[in-house]
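Comments concern the structure below.
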Amino acid sequence: MSPSTESCSRDADKAKPFLKWAGGKSQLLGEIRKRLPAGIEDGTITRYVEPFIGGGAVFFDVSQSHSFDNCLLLDANEDLILVYRTIQSSVDKLVGILSNIAYEYHELSPEKQSEYFYKTRLAFNEAKPGIDYSTFGPAWLDRAAQILFLNRTCFNGLFRVNSRGEFNVPIGSYKDPAICHPENLRRVARALQNAEIRVGDFEACAPSVDSRTFVYFDPPYRPLNKTAKFTSYASTAFDEASQLRLAQFFRQLDKCGAKLMLSNSDPKNEDPDDDFFENAYADFTIERVKATRMINSDAAARGQINEVIVTNY
C-alpha cells in the first residue's frame, strides 16, 4: 500500500464534522496543517482550545492526528453546544432517534416532506424557552436530533437564528438528503471523550490558556461587503466591535506564550484598500489562502476567494 493510500485510509476512519456549517474549514485543512505550530508535533503543546467550535473541522482533524492531554471547546451558540454534548454522552440513543426521523421523512412525498420540515422547525423553536441548557436530559436527545435533521434538509445546510434565537432557514431542495450518519456520529463521540465542551464567550477560555496551549480561532466572519450580513450563528451578532475585541484578546493570549491561529474572511476581496486585519493584527503573521465561498444566495457570486490566516509564531 502506498503512503498516499495509507493516508486516505486513515482519513476515512476519522470523525468528520457532523453538521454542514457555513464557513466550515474542511476545504482549508491542508493550509491549516502546514501552519500548525511545531509544539503540536514534538509534544510541548499539551492542550487544544477552540473558542468558536462551529462545525469542528479543525478540531477533529488535529485532535485525531496528535495527542493532547485535554481539549476545551466553546461556542456562544447554546444549541450547538447541546448537540456536541449529547453526542459525547449519549450517541447511540441519538442515532436511534435520528434514524427514525430519517425513515419517516424519506417515506413521505415531497409535499409531505415540506410539511414535516416546517412542523419540526416550529416545534424546535417553540421548545427553546423550556430547555435547560445546563443539564443533560431526555429533551436534549430530541433537540439534538431536530438540529441534525434541520441542518441536513434546510437551504444550503445553514445554521442561522434570528434575534430571538429561533432557527429561520427554509427547507432546501434536496431529493434524497442523508440525514443520519451513524458511524461518523460514533467516531465523533470517541473524538470528544477527551474534551470539555461548554457554552461561552470566547474570552471565557482565558483561564485555560498557558504557554503549552494551542488556540485556534474561527469566529463568525467579518462581512465582505455591506450586503453580506450572515453573522448570526447565535442570537447575538458578532459585529465589528466584537472582531476588534477578539483582536485584543488575541494579543492578551499572545503575552501568555500560547500559540495562536485565527482565520477570517479577507476584506481585500472586495476592497483592496481595506486594511482591517493589517491594523487589528499588526505585528503578527498574516497570510492569504484560497477558499471557495458557497453560501452566497447568488450562485454566480460563489467561487474562489482569499481568506486570511493570522498566527503569532
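By convention in this document, the chains of the C-alpha cells carry letters A, B, ... by their order, each chain's residues are numbered from 1, and ligands are numbered from 1 in the order they are shown.
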
Do a neighbour search on Lys255 of chain A at 12 Å with only C-alpha atoms, toss out local chain neighbours closer than 6 positions, and write the hits as a list in words.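 Here the qualifying residues turn out to be Ala206, Val209, Asp210, Ser211, Gln248, Phe249 and Asn312 of chain A.
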
Residues of segment 26-168 of chain A in strand (DSSP E or B) according to DSSP, as a list of chain:residue names?
-> A:Arg47, A:Tyr48, A:Val49, A:Glu50, A:Asn70, A:Cys71, A:Leu72, A:Leu73, A:Leu74, A:Asp75, A:Cys154, A:Val161, A:Phe167

Could you write those residues out with N, CA and C atoms, as a tab-separated table (two decimals), in the first residue's frame?
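The resulting file, selection-v7.tsv, is shown below:
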chain	number	residue	atom	x	y	z
A	47	ARG	N	-2.31	21.11	25.27
A	47	ARG	CA	-3.74	21.46	25.35
A	47	ARG	C	-4.18	22.13	24.05
A	48	TYR	N	-5.40	21.75	23.59
A	48	TYR	CA	-6.02	22.36	22.41
A	48	TYR	C	-7.26	23.13	22.86
A	49	VAL	N	-7.37	24.37	22.42
A	49	VAL	CA	-8.53	25.19	22.77
A	49	VAL	C	-9.13	25.78	21.50
A	50	GLU	N	-10.44	25.68	21.34
A	50	GLU	CA	-11.14	26.30	20.21
A	50	GLU	C	-12.38	27.03	20.72
A	70	ASN	N	-5.67	17.43	27.13
A	70	ASN	CA	-7.08	17.80	27.20
A	70	ASN	C	-7.38	18.84	26.14
A	71	CYS	N	-8.67	18.97	25.83
A	71	CYS	CA	-9.16	19.93	24.84
A	71	CYS	C	-10.33	20.71	25.44
A	72	LEU	N	-10.43	21.98	25.10
A	72	LEU	CA	-11.53	22.82	25.54
A	72	LEU	C	-12.21	23.39	24.32
A	73	LEU	N	-13.52	23.12	24.19
A	73	LEU	CA	-14.30	23.59	23.05
A	73	LEU	C	-15.42	24.47	23.56
A	74	LEU	N	-15.52	25.67	23.01
A	74	LEU	CA	-16.57	26.61	23.42
A	74	LEU	C	-17.30	27.15	22.21
A	75	ASP	N	-18.49	27.64	22.44
A	75	ASP	CA	-19.23	28.39	21.43
A	75	ASP	C	-20.35	29.15	22.13
A	154	CYS	N	-32.30	21.69	5.39
A	154	CYS	CA	-32.62	23.10	5.14
A	154	CYS	C	-31.80	23.66	3.98
A	161	VAL	N	-29.93	31.77	13.11
A	161	VAL	CA	-31.03	32.09	14.00
A	161	VAL	C	-31.27	33.59	14.00
A	167	PHE	N	-34.48	29.30	14.89
A	167	PHE	CA	-33.96	28.82	13.62
A	167	PHE	C	-34.91	29.27	12.52

**Study point:** Those in segment 34-223 of chain A with helix (DSSP H, G or I) from DSSP, as a PyMOL selection string
**Key:** chain A and resi 34+38-42+57-65+78-106+110-130+138-153+155-157+182-191+202-208

Would you mind exporting C-alpha atoms of the selected residues as a short mmCIF file (atom, residue, chain, number, x, y, z; two decimals), in the first residue's frame?
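out.cif was written with the following content:
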data_model
loop_
_atom_site.label_atom_id
_atom_site.label_comp_id
_atom_site.auth_asym_id
_atom_site.auth_seq_id
_atom_site.Cartn_x
_atom_site.Cartn_y
_atom_site.Cartn_z
CA LYS A 34 1.00 23.39 7.08
CA ALA A 38 5.88 22.79 15.88
CA GLY A 39 4.96 22.16 19.51
CA ILE A 40 1.98 20.05 18.45
CA GLU A 41 4.29 17.60 16.71
CA ASP A 42 7.02 17.46 19.36
CA ALA A 57 -13.37 20.54 11.18
CA VAL A 58 -10.03 21.72 12.57
CA PHE A 59 -10.58 20.15 15.98
CA PHE A 60 -11.50 16.77 14.50
CA ASP A 61 -8.51 16.84 12.15
CA VAL A 62 -5.89 17.99 14.65
CA SER A 63 -7.09 16.06 17.70
CA GLN A 64 -7.19 12.74 15.83
CA SER A 65 -3.73 13.24 14.36
CA GLU A 78 -26.11 27.03 23.21
CA ASP A 79 -27.95 24.70 20.82
CA LEU A 80 -24.74 23.87 19.01
CA ILE A 81 -23.06 23.00 22.30
CA LEU A 82 -26.11 20.95 23.28
CA VAL A 83 -25.58 18.77 20.19
CA TYR A 84 -21.87 18.29 20.89
CA ARG A 85 -22.51 17.31 24.49
CA THR A 86 -25.36 14.98 23.51
CA ILE A 87 -23.14 13.14 21.02
CA GLN A 88 -20.37 12.99 23.61
CA SER A 89 -22.58 11.45 26.30
CA SER A 90 -25.35 9.52 24.53
CA VAL A 91 -24.55 8.91 20.88
CA ASP A 92 -26.33 5.56 20.50
CA LYS A 93 -29.68 6.90 21.75
CA LEU A 94 -29.29 9.91 19.47
CA VAL A 95 -28.58 7.67 16.47
CA GLY A 96 -31.74 5.70 17.23
CA ILE A 97 -33.95 8.80 17.31
CA LEU A 98 -32.34 10.32 14.22
CA SER A 99 -32.64 7.05 12.28
CA ASN A 100 -36.38 7.00 12.98
CA ILE A 101 -36.71 10.61 11.80
CA ALA A 102 -34.79 9.79 8.61
CA TYR A 103 -37.02 6.77 7.91
CA GLU A 104 -40.23 8.76 8.46
CA TYR A 105 -39.03 11.63 6.29
CA HIS A 106 -37.93 9.51 3.34
CA PRO A 110 -42.12 15.94 -1.44
CA GLU A 111 -45.17 17.93 -0.30
CA LYS A 112 -45.44 16.00 2.94
CA GLN A 113 -41.67 16.33 3.47
CA SER A 114 -42.07 20.10 3.34
CA GLU A 115 -44.84 19.91 5.94
CA TYR A 116 -42.66 17.67 8.10
CA PHE A 117 -39.74 20.11 7.88
CA TYR A 118 -41.75 23.18 8.88
CA LYS A 119 -43.58 21.29 11.62
CA THR A 120 -40.21 20.19 13.04
CA ARG A 121 -38.79 23.71 12.76
CA LEU A 122 -41.81 25.15 14.60
CA ALA A 123 -41.57 22.52 17.36
CA PHE A 124 -37.85 23.21 17.69
CA ASN A 125 -38.38 26.95 18.08
CA GLU A 126 -41.35 26.64 20.44
CA ALA A 127 -39.46 24.27 22.74
CA LYS A 128 -36.48 26.59 23.22
CA PRO A 129 -37.73 28.54 26.29
CA GLY A 130 -38.25 25.28 28.18
CA PRO A 138 -34.07 13.39 27.61
CA ALA A 139 -35.11 16.70 25.99
CA TRP A 140 -31.54 17.13 24.75
CA LEU A 141 -31.77 13.96 22.67
CA ASP A 142 -34.88 15.12 20.81
CA ARG A 143 -33.48 18.61 20.33
CA ALA A 144 -30.13 17.38 19.05
CA ALA A 145 -31.93 15.10 16.58
CA GLN A 146 -34.07 18.01 15.40
CA ILE A 147 -30.98 20.17 14.84
CA LEU A 148 -29.26 17.47 12.80
CA PHE A 149 -32.42 16.87 10.76
CA LEU A 150 -32.98 20.58 10.07
CA ASN A 151 -29.33 21.10 9.19
CA ARG A 152 -29.38 18.25 6.67
CA THR A 153 -32.62 19.29 5.00
CA PHE A 155 -31.48 25.50 2.42
CA ASN A 156 -27.70 25.33 1.87
CA GLY A 157 -27.26 23.48 5.17
CA PRO A 182 -24.32 6.53 12.48
CA GLU A 183 -20.66 5.55 12.05
CA ASN A 184 -19.45 9.12 11.82
CA LEU A 185 -21.51 10.15 14.84
CA ARG A 186 -19.91 7.33 16.83
CA ARG A 187 -16.45 8.42 15.68
CA VAL A 188 -17.31 11.96 16.73
CA ALA A 189 -18.34 10.68 20.16
CA ARG A 190 -14.97 8.95 20.54
CA ALA A 191 -13.10 12.07 19.43
CA PHE A 202 -14.50 33.41 23.55
CA GLU A 203 -12.88 35.25 26.47
CA ALA A 204 -14.08 32.51 28.83
CA CYS A 205 -11.22 30.29 27.66
CA ALA A 206 -8.55 32.60 29.15
CA PRO A 207 -8.01 30.68 32.44
CA SER A 208 -7.27 27.50 30.45
#

For atom CA of Leu262 of chain A and atom CA of Val308 of chain A, quote the distance in Å rounded to one decimal.
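We find that atom CA of Leu262 of chain A and atom CA of Val308 of chain A lie 8.0 Å from each other.
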
Which residues are near segment 269-275 of chain A? Cut-off 10 Å, only C-alpha atoms, ignore same chain within fewer than 4 positions. Put them as a compact mmCIF listing (two decimals) with N, CA and C atoms, in the first residue's frame.
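The file below, selection-v9.txt, is the result:
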# COMPACT_ATOMS: atom_id res chain seq x y z
N LEU A 224 -17.87 40.51 3.90
CA LEU A 224 -17.01 41.00 2.83
C LEU A 224 -17.49 42.33 2.25
N ASN A 225 -18.79 42.62 2.44
CA ASN A 225 -19.31 43.89 1.94
C ASN A 225 -20.55 44.26 2.73
N SER A 265 -12.48 36.07 6.91
CA SER A 265 -12.62 36.49 5.53
C SER A 265 -11.61 37.59 5.23
N ASN A 279 -4.39 46.21 10.40
CA ASN A 279 -4.39 47.12 11.55
C ASN A 279 -4.70 46.38 12.85
N ALA A 280 -5.69 45.49 12.80
CA ALA A 280 -6.11 44.79 14.03
C ALA A 280 -5.06 43.81 14.51
N TYR A 281 -4.31 43.21 13.58
CA TYR A 281 -3.32 42.20 13.95
C TYR A 281 -1.90 42.61 13.52
N GLN A 304 -13.89 31.03 -5.89
CA GLN A 304 -12.66 31.16 -5.12
C GLN A 304 -12.43 32.60 -4.66
N ILE A 305 -12.12 32.72 -3.39
CA ILE A 305 -11.77 34.00 -2.78
C ILE A 305 -10.59 33.76 -1.85
N ASN A 306 -10.03 34.83 -1.34
CA ASN A 306 -8.98 34.71 -0.33
C ASN A 306 -9.59 34.74 1.07
N GLU A 307 -8.98 33.98 1.97
CA GLU A 307 -9.24 34.12 3.39
C GLU A 307 -7.90 34.41 4.07

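Interatomic distance, atom CA of Arg160 of chain A against atom CA of Gly54 of chain A: 11.9 Å.
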
_Just to confirm, what's the straight-line distance from atom CA of Phe214 of chain A to atom CA of Tyr133 of chain A in Å (one decimal)?_
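Rounded to one decimal, the two atoms are 27.6 Å apart.
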
Given the choices A:Gly56, A:Phe68, A:Gly24, A:Ile309, which gets closest to Glu278 of chain A if the distance is worked out from only C-alpha atoms?
->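 Nearest to Glu278 of chain A: A:Ile309.
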
Using only C-alpha atoms, the shortest atom-to-atom distance to Tyr221 of chain A among A:Asp254, A:Glu107, A:Glu166, A:Asp266 belongs to A:Asp266
